[in-house]
file target20.txt (compact mmCIF, C-alpha atoms)
# COMPACT_ATOMS: atom_id res chain seq x y z
CA MET A 1 12.71 37.84 -19.91
CA SER A 2 13.39 35.23 -17.24
CA LYS A 3 12.81 31.55 -17.82
CA LEU A 4 10.65 29.41 -15.59
CA ASN A 5 12.44 27.07 -13.26
CA HIS A 6 12.97 23.76 -15.09
CA THR A 7 11.15 21.96 -12.26
CA SER A 8 8.01 24.08 -12.70
CA PRO A 9 4.99 22.15 -13.94
CA LYS A 10 3.90 22.74 -17.51
CA ILE A 11 0.33 23.55 -16.46
CA THR A 12 -0.61 25.48 -13.31
CA PRO A 13 -4.13 26.55 -12.32
CA PHE A 14 -4.23 30.36 -12.18
CA LEU A 15 -7.00 31.72 -9.96
CA TRP A 16 -8.44 35.23 -10.34
CA PHE A 17 -9.59 36.91 -7.14
CA ASP A 18 -11.04 40.35 -6.51
CA ASN A 19 -8.72 41.23 -3.61
CA ASP A 20 -8.40 38.18 -1.36
CA ALA A 21 -5.81 35.99 -3.10
CA GLU A 22 -3.57 36.03 -0.03
CA ASP A 23 -6.44 35.05 2.27
CA ALA A 24 -7.40 32.26 -0.11
CA MET A 25 -3.81 30.99 -0.32
CA ASN A 26 -3.51 30.99 3.48
CA PHE A 27 -6.86 29.21 3.81
CA TYR A 28 -6.03 26.49 1.28
CA THR A 29 -2.56 25.87 2.71
CA SER A 30 -4.16 25.49 6.16
CA VAL A 31 -6.68 22.92 4.87
CA PHE A 32 -4.31 20.70 2.89
CA LYS A 33 -1.64 19.09 5.04
CA ASN A 34 0.98 18.68 2.31
CA SER A 35 1.13 22.33 1.24
CA SER A 36 3.40 25.34 1.04
CA VAL A 37 3.40 29.04 0.28
CA ASP A 38 5.87 29.39 -2.57
CA SER A 39 6.00 33.11 -3.35
CA ILE A 40 4.22 36.38 -2.70
CA ASN A 41 4.61 39.40 -4.98
CA ARG A 42 3.39 42.64 -3.41
CA ILE A 43 2.56 45.75 -5.40
CA GLY A 44 4.10 49.17 -5.09
CA LYS A 45 2.49 52.55 -5.56
CA GLY A 46 0.00 53.15 -8.33
CA GLY A 47 -1.82 49.82 -8.46
CA HIS A 48 -5.54 49.21 -8.07
CA LEU A 49 -4.88 47.82 -4.58
CA PRO A 50 -3.22 49.54 -1.63
CA GLU A 51 0.56 49.61 -1.63
CA GLY A 52 1.95 46.41 -0.12
CA SER A 53 -1.07 44.32 -1.11
CA VAL A 54 -0.52 40.98 -2.78
CA MET A 55 -0.73 41.10 -6.55
CA ILE A 56 0.28 37.51 -7.35
CA CYS A 57 1.07 34.62 -5.06
CA SER A 58 1.87 30.99 -5.64
CA PHE A 59 1.34 27.97 -3.45
CA THR A 60 1.37 24.19 -3.62
CA LEU A 61 -1.35 21.83 -2.40
CA GLU A 62 -0.63 18.10 -2.33
CA GLY A 63 2.02 18.51 -5.03
CA GLN A 64 -0.15 20.69 -7.31
CA LYS A 65 1.12 24.22 -7.87
CA PHE A 66 -1.41 27.09 -7.98
CA MET A 67 -1.08 30.78 -8.72
CA ALA A 68 -3.50 33.43 -7.49
CA LEU A 69 -4.00 36.97 -8.71
CA ASN A 70 -5.76 39.97 -7.19
CA ALA A 71 -7.20 41.66 -10.25
CA GLY A 72 -10.57 43.11 -9.29
CA PRO A 73 -14.21 42.08 -9.53
CA HIS A 74 -14.34 41.49 -13.29
CA PHE A 75 -14.53 37.67 -13.20
CA LYS A 76 -16.05 35.19 -10.75
CA PHE A 77 -15.58 31.46 -10.30
CA ASN A 78 -18.34 29.12 -11.43
CA GLU A 79 -19.00 25.39 -11.51
CA ALA A 80 -17.53 24.99 -15.00
CA VAL A 81 -14.17 24.44 -13.26
CA SER A 82 -13.74 22.50 -10.04
CA PHE A 83 -10.98 20.77 -8.14
CA TYR A 84 -11.40 17.05 -7.49
CA VAL A 85 -10.10 15.81 -4.14
CA SER A 86 -9.68 12.04 -3.99
CA CYS A 87 -10.30 10.72 -0.45
CA ASP A 88 -9.34 7.29 0.88
CA SER A 89 -11.80 7.21 3.81
CA GLN A 90 -15.00 8.71 5.17
CA GLU A 91 -12.92 10.56 7.74
CA GLU A 92 -10.99 12.24 4.94
CA VAL A 93 -14.22 13.12 3.09
CA ASP A 94 -15.64 14.60 6.29
CA TYR A 95 -12.45 16.57 7.00
CA TYR A 96 -12.27 18.26 3.57
CA TRP A 97 -16.04 18.77 3.39
CA ASN A 98 -16.17 20.47 6.77
CA LYS A 99 -13.07 22.60 6.20
CA LEU A 100 -14.00 23.76 2.70
CA THR A 101 -17.65 24.57 3.54
CA ALA A 102 -16.72 26.48 6.74
CA ASP A 103 -17.18 30.22 7.14
CA GLY A 104 -19.47 30.83 4.19
CA GLY A 105 -18.91 27.85 1.92
CA ALA A 106 -21.96 26.14 0.41
CA GLU A 107 -22.90 22.50 -0.07
CA SER A 108 -24.14 21.34 -3.43
CA GLN A 109 -24.97 17.77 -4.35
CA CYS A 110 -23.12 14.64 -5.42
CA GLY A 111 -19.97 15.57 -3.48
CA TRP A 112 -19.69 19.12 -4.87
CA LEU A 113 -19.30 22.27 -2.79
CA LYS A 114 -18.21 25.88 -3.07
CA ASP A 115 -15.75 27.30 -0.57
CA LYS A 116 -16.04 30.77 0.95
CA PHE A 117 -14.15 32.25 -2.02
CA GLY A 118 -16.58 30.75 -4.54
CA LEU A 119 -14.23 28.04 -5.84
CA SER A 120 -15.90 24.70 -6.60
CA TRP A 121 -14.55 21.42 -5.21
CA GLN A 122 -15.50 17.78 -5.59
CA ILE A 123 -14.81 15.77 -2.43
CA ILE A 124 -14.96 12.20 -3.69
CA PRO A 125 -14.08 8.95 -1.92
CA THR A 126 -12.05 6.50 -4.00
CA ALA A 127 -14.87 4.01 -3.31
CA LEU A 128 -17.28 5.92 -5.58
CA PRO A 129 -15.64 5.28 -8.97
CA GLU A 130 -14.78 1.73 -7.85
CA LEU A 131 -18.42 0.94 -6.99
CA MET A 132 -19.82 2.71 -10.05
CA SER A 133 -17.51 0.91 -12.46
CA ASP A 134 -18.65 -2.59 -11.47
CA PRO A 135 -19.40 -4.67 -14.59
CA ASP A 136 -22.84 -5.34 -13.08
CA LEU A 137 -24.70 -2.32 -14.48
CA GLU A 138 -27.54 -2.72 -11.97
CA LYS A 139 -25.14 -2.32 -9.04
CA GLY A 140 -23.48 0.70 -10.62
CA GLY A 141 -26.89 2.20 -11.36
CA ARG A 142 -27.96 1.86 -7.73
CA VAL A 143 -24.76 3.59 -6.62
CA MET A 144 -25.39 6.41 -9.12
CA GLN A 145 -28.95 6.87 -7.83
CA ALA A 146 -27.72 6.95 -4.22
CA MET A 147 -25.08 9.55 -5.09
CA MET A 148 -27.63 11.77 -6.84
CA GLY A 149 -29.68 12.00 -3.66
CA ILE A 150 -26.97 13.17 -1.26
CA ARG A 151 -24.81 16.23 -0.79
CA LYS A 152 -21.68 15.03 1.02
CA ILE A 153 -20.78 11.53 -0.15
CA GLU A 154 -21.29 8.90 2.52
CA ILE A 155 -19.38 5.72 1.67
CA GLU A 156 -21.70 3.57 3.79
CA GLU A 157 -24.74 4.76 1.83
CA LEU A 158 -22.99 3.99 -1.45
CA GLN A 159 -22.03 0.52 -0.22
CA GLU A 160 -25.60 -0.19 0.90
CA ALA A 161 -26.91 0.83 -2.52
CA TYR A 162 -24.27 -1.31 -4.21
CA ASP A 163 -25.19 -4.33 -2.08
CA GLY A 164 -28.87 -3.82 -2.90
call {"tool": "encode", "arguments": {"input": "target20.txt", "output": "structure tokens"}}
result
Amino acid sequence: MSKLNHTSPKITPFLWFDNDAEDAMNFYTSVFKNSSVDSINRIGKGGHLPEGSVMICSFTLEGQKFMALNAGPHFKFNEAVSFYVSCDSQEEVDYYWNKLTADGGAESQCGWLKDKFGLSWQIIPTALPELMSDPDLEKGGRVMQAMMGIRKIEIEELQEAYDG
């Protein structure tokens, strides 16, 4: 049995896809600027997918390693697990929101969305936890109320609520 590379992270998200792990990997590595395709393992004869199809692939997004598996329709993603993307500006929020909801993704509320593969993401500006954690509970409460009423987080709306 081979050992993992000593530089491999201890914990890696492992994503189960029906048959589009390679498409998902290519999509995610196109969305996140600091990304790479790390490995692709294709299957031979006798698998549940056509010969040459991807069985397992690995990729890195913004320093976080992921693995993806094509294993059939047995399991689907749900909101119990999501990936939190911390954004420094409204432009960054808009970029990730637009990219991840494109081509069949779906908006939710409070900065949550599902991409076209059904994976849940939280696109959150760094301003949100800063404004919500103000010692003035009234200010934080107004920010929370504003957030509850919007889909994509708009920093200006949060700031207006904070300011009262």
call {"tool": "atom_distance", "arguments": {"input": "target20.txt", "atom1": "atom CA of Lys76 of chain A", "atom2": "atom CA of Ser120 of chain A"}}
result
11.3 Å
call {"tool": "atom_distance", "arguments": {"input": "target20.txt", "atom1": "atom CA of Gln64 of chain A", "atom2": "atom CA of Ile123 of chain A"}}
result
16.2 Å
call {"tool": "closest_residue", "arguments": {"input": "target20.txt", "among": "A:Val54, A:Leu15, A:Ala24, A:Ala80", "to": "Phe117 of chain A", "atoms": "only C-alpha atoms"}}
result
A:Ala24
call {"tool": "atom_distance", "arguments": {"input": "target20.txt", "atom1": "atom CA of Ala68 of chain A", "atom2": "atom CA of Gly118 of chain A"}}
result
13.7 Å
call {"tool": "closest_residue", "arguments": {"input": "target20.txt", "among": "A:Leu49, A:Leu128, A:Leu61, A:Cys110", "to": "Ser86 of chain A", "atoms": "only C-alpha atoms"}}
result
A:Leu128
call {"tool": "axis_aligned_box", "arguments": {"input": "target20.txt", "around": "segment 131-135 of chain A", "padding_each_side": "8 Å", "output": "AutoDock Vina command-line options"}}
result
--center_x -18.7 --center_y -1.0 --center_z -10.8 --size_x 18.3 --size_y 23.4 --size_z 23.6
call {"tool": "closest_residue", "arguments": {"input": "target20.txt", "among": "A:Gln159, A:Glu22, A:Trp16, A:Phe27", "to": "Ala102 of chain A", "atoms": "all atoms listed in the file"}}
result
A:Phe27
call {"tool": "residues_near_point", "arguments": {"input": "target20.txt", "point": "(1.7, 40.9, -4.9)", "cutoff": "6 Å", "atoms": "all atoms listed in the file", "output": "PyMOL selection string"}}
result
chain A and resi 40-43+53-56
call {"tool": "closest_residue", "arguments": {"input": "target20.txt", "among": "A:Phe77, A:Phe83, A:Phe14, A:Phe32", "to": "Lys116 of chain A", "atoms": "only C-alpha atoms"}}
result
A:Phe77
call {"tool": "closest_residue", "arguments": {"input": "target20.txt", "among": "A:Asn78, A:Glu138, A:Lys65, A:Cys57", "to": "Lys10 of chain A", "atoms": "only C-alpha atoms"}}
result
A:Lys65
call {"tool": "closest_residue", "arguments": {"input": "target20.txt", "among": "A:Leu113, A:Gly52, A:Thr60, A:Asn19", "to": "Val37 of chain A", "atoms": "only C-alpha atoms"}}
result
A:Thr60
call {"tool": "residues_around", "arguments": {"input": "target20.txt", "residues": "Gly149 of chain A", "least_positions_apart": "4", "cutoff": "9 Å", "atoms": "only C-alpha atoms", "output": "list in words"}}
result
Gln109, Cys110, Met144 and Gln145 of chain A
call {"tool": "write_last_selection", "arguments": {"input": "target20.txt", "atoms": "C-alpha atoms", "output": "PDB file, in the coordinates of the input"}}
result
ATOM      1  CA  GLN A 109     -24.970  17.770  -4.350  1.00  0.00           C
ATOM      2  CA  CYS A 110     -23.120  14.640  -5.420  1.00  0.00           C
ATOM      3  CA  MET A 144     -25.390   6.410  -9.120  1.00  0.00           C
ATOM      4  CA  GLN A 145     -28.950   6.870  -7.830  1.00  0.00           C
TER       5      GLN A 145
END
call {"tool": "residues_near_point", "arguments": {"input": "target20.txt", "point": "(7.4, 31.2, -7.5)", "cutoff": "7 Å", "atoms": "only C-alpha atoms", "output": "tab-separated table (two decimals) with C-alpha atoms, keeping the file's coordinate frame"}}
result
chain	number	residue	atom	x	y	z
A	38	ASP	CA	5.87	29.39	-2.57
A	39	SER	CA	6.00	33.11	-3.35
A	58	SER	CA	1.87	30.99	-5.64
call {"tool": "residues_around", "arguments": {"input": "target20.txt", "residues": "Glu157 of chain A", "least_positions_apart": "6", "cutoff": "9 Å", "atoms": "all atoms listed in the file", "output": "list in words"}}
result
Val143, Ala146 and Met147 of chain A
call {"tool": "write_last_selection", "arguments": {"input": "target20.txt", "atoms": "C-alpha atoms", "output": "mmCIF file, keeping the file's coordinate frame"}}
result
data_model
loop_
_atom_site.group_PDB
_atom_site.id
_atom_site.type_symbol
_atom_site.label_atom_id
_atom_site.label_comp_id
_atom_site.auth_asym_id
_atom_site.auth_seq_id
_atom_site.Cartn_x
_atom_site.Cartn_y
_atom_site.Cartn_z
ATOM 1 C CA VAL A 143 -24.760 3.590 -6.620
ATOM 2 C CA ALA A 146 -27.720 6.950 -4.220
ATOM 3 C CA MET A 147 -25.080 9.550 -5.090
#
call {"tool": "decode", "arguments": {"input": "target20.txt", "residues": "segment 76-99 of chain A", "atoms": "N, CA and C atoms", "output": "PDB file, in the first residue's frame"}}
result
ATOM      1  N   LYS A  76     -26.633  12.397  -3.434  1.00  0.00           N
ATOM      2  CA  LYS A  76     -26.699  13.759  -3.972  1.00  0.00           C
ATOM      3  C   LYS A  76     -26.226  14.740  -2.908  1.00  0.00           C
ATOM      4  N   PHE A  77     -25.716  15.864  -3.358  1.00  0.00           N
ATOM      5  CA  PHE A  77     -25.324  16.925  -2.428  1.00  0.00           C
ATOM      6  C   PHE A  77     -26.575  17.544  -1.816  1.00  0.00           C
ATOM      7  N   ASN A  78     -26.425  18.080  -0.608  1.00  0.00           N
ATOM      8  CA  ASN A  78     -27.496  18.871  -0.004  1.00  0.00           C
ATOM      9  C   ASN A  78     -26.866  19.987   0.823  1.00  0.00           C
ATOM     10  N   GLU A  79     -27.719  20.839   1.383  1.00  0.00           N
ATOM     11  CA  GLU A  79     -27.234  22.021   2.091  1.00  0.00           C
ATOM     12  C   GLU A  79     -26.561  21.725   3.424  1.00  0.00           C
ATOM     13  N   ALA A  80     -26.563  20.477   3.862  1.00  0.00           N
ATOM     14  CA  ALA A  80     -25.911  20.140   5.128  1.00  0.00           C
ATOM     15  C   ALA A  80     -24.408  20.386   5.073  1.00  0.00           C
ATOM     16  N   VAL A  81     -23.844  20.416   3.852  1.00  0.00           N
ATOM     17  CA  VAL A  81     -22.431  20.730   3.671  1.00  0.00           C
ATOM     18  C   VAL A  81     -22.335  21.815   2.609  1.00  0.00           C
ATOM     19  N   SER A  82     -21.570  22.855   2.919  1.00  0.00           N
ATOM     20  CA  SER A  82     -21.354  23.922   1.944  1.00  0.00           C
ATOM     21  C   SER A  82     -19.917  24.398   2.050  1.00  0.00           C
ATOM     22  N   PHE A  83     -19.495  25.123   1.025  1.00  0.00           N
ATOM     23  CA  PHE A  83     -18.156  25.698   1.023  1.00  0.00           C
ATOM     24  C   PHE A  83     -18.284  27.201   1.148  1.00  0.00           C
ATOM     25  N   TYR A  84     -17.577  27.762   2.110  1.00  0.00           N
ATOM     26  CA  TYR A  84     -17.625  29.172   2.470  1.00  0.00           C
ATOM     27  C   TYR A  84     -16.497  29.884   1.744  1.00  0.00           C
ATOM     28  N   VAL A  85     -16.866  30.884   0.929  1.00  0.00           N
ATOM     29  CA  VAL A  85     -15.878  31.657   0.186  1.00  0.00           C
ATOM     30  C   VAL A  85     -15.841  33.057   0.790  1.00  0.00           C
ATOM     31  N   SER A  86     -14.745  33.401   1.392  1.00  0.00           N
ATOM     32  CA  SER A  86     -14.560  34.710   2.020  1.00  0.00           C
ATOM     33  C   SER A  86     -14.122  35.717   0.959  1.00  0.00           C
ATOM     34  N   CYS A  87     -14.890  36.811   0.831  1.00  0.00           N
ATOM     35  CA  CYS A  87     -14.640  37.802  -0.223  1.00  0.00           C
ATOM     36  C   CYS A  87     -14.293  39.158   0.389  1.00  0.00           C
ATOM     37  N   ASP A  88     -13.274  39.803  -0.147  1.00  0.00           N
ATOM     38  CA  ASP A  88     -12.806  41.078   0.380  1.00  0.00           C
ATOM     39  C   ASP A  88     -13.554  42.283  -0.160  1.00  0.00           C
ATOM     40  N   SER A  89     -14.328  42.127  -1.229  1.00  0.00           N
ATOM     41  CA  SER A  89     -15.002  43.277  -1.848  1.00  0.00           C
ATOM     42  C   SER A  89     -16.313  42.841  -2.479  1.00  0.00           C
ATOM     43  N   GLN A  90     -17.146  43.826  -2.819  1.00  0.00           N
ATOM     44  CA  GLN A  90     -18.386  43.527  -3.523  1.00  0.00           C
ATOM     45  C   GLN A  90     -18.094  42.945  -4.901  1.00  0.00           C
ATOM     46  N   GLU A  91     -17.046  43.425  -5.534  1.00  0.00           N
ATOM     47  CA  GLU A  91     -16.678  42.902  -6.845  1.00  0.00           C
ATOM     48  C   GLU A  91     -16.368  41.402  -6.764  1.00  0.00           C
ATOM     49  N   GLU A  92     -15.691  41.007  -5.707  1.00  0.00           N
ATOM     50  CA  GLU A  92     -15.368  39.594  -5.532  1.00  0.00           C
ATOM     51  C   GLU A  92     -16.633  38.776  -5.247  1.00  0.00           C
ATOM     52  N   VAL A  93     -17.527  39.312  -4.422  1.00  0.00           N
ATOM     53  CA  VAL A  93     -18.811  38.650  -4.159  1.00  0.00           C
ATOM     54  C   VAL A  93     -19.553  38.453  -5.480  1.00  0.00           C
ATOM     55  N   ASP A  94     -19.652  39.533  -6.255  1.00  0.00           N
ATOM     56  CA  ASP A  94     -20.371  39.481  -7.536  1.00  0.00           C
ATOM     57  C   ASP A  94     -19.740  38.463  -8.475  1.00  0.00           C
ATOM     58  N   TYR A  95     -18.423  38.430  -8.549  1.00  0.00           N
ATOM     59  CA  TYR A  95     -17.717  37.505  -9.434  1.00  0.00           C
ATOM     60  C   TYR A  95     -18.083  36.058  -9.096  1.00  0.00           C
ATOM     61  N   TYR A  96     -17.888  35.652  -7.830  1.00  0.00           N
ATOM     62  CA  TYR A  96     -18.144  34.267  -7.448  1.00  0.00           C
ATOM     63  C   TYR A  96     -19.626  33.931  -7.553  1.00  0.00           C
ATOM     64  N   TRP A  97     -20.479  34.866  -7.169  1.00  0.00           N
ATOM     65  CA  TRP A  97     -21.928  34.639  -7.247  1.00  0.00           C
ATOM     66  C   TRP A  97     -22.344  34.374  -8.693  1.00  0.00           C
ATOM     67  N   ASN A  98     -21.896  35.223  -9.589  1.00  0.00           N
ATOM     68  CA  ASN A  98     -22.273  35.083 -10.999  1.00  0.00           C
ATOM     69  C   ASN A  98     -21.690  33.819 -11.623  1.00  0.00           C
ATOM     70  N   LYS A  99     -20.443  33.505 -11.327  1.00  0.00           N
ATOM     71  CA  LYS A  99     -19.812  32.316 -11.891  1.00  0.00           C
ATOM     72  C   LYS A  99     -20.463  31.029 -11.375  1.00  0.00           C
TER      73      LYS A  99
END
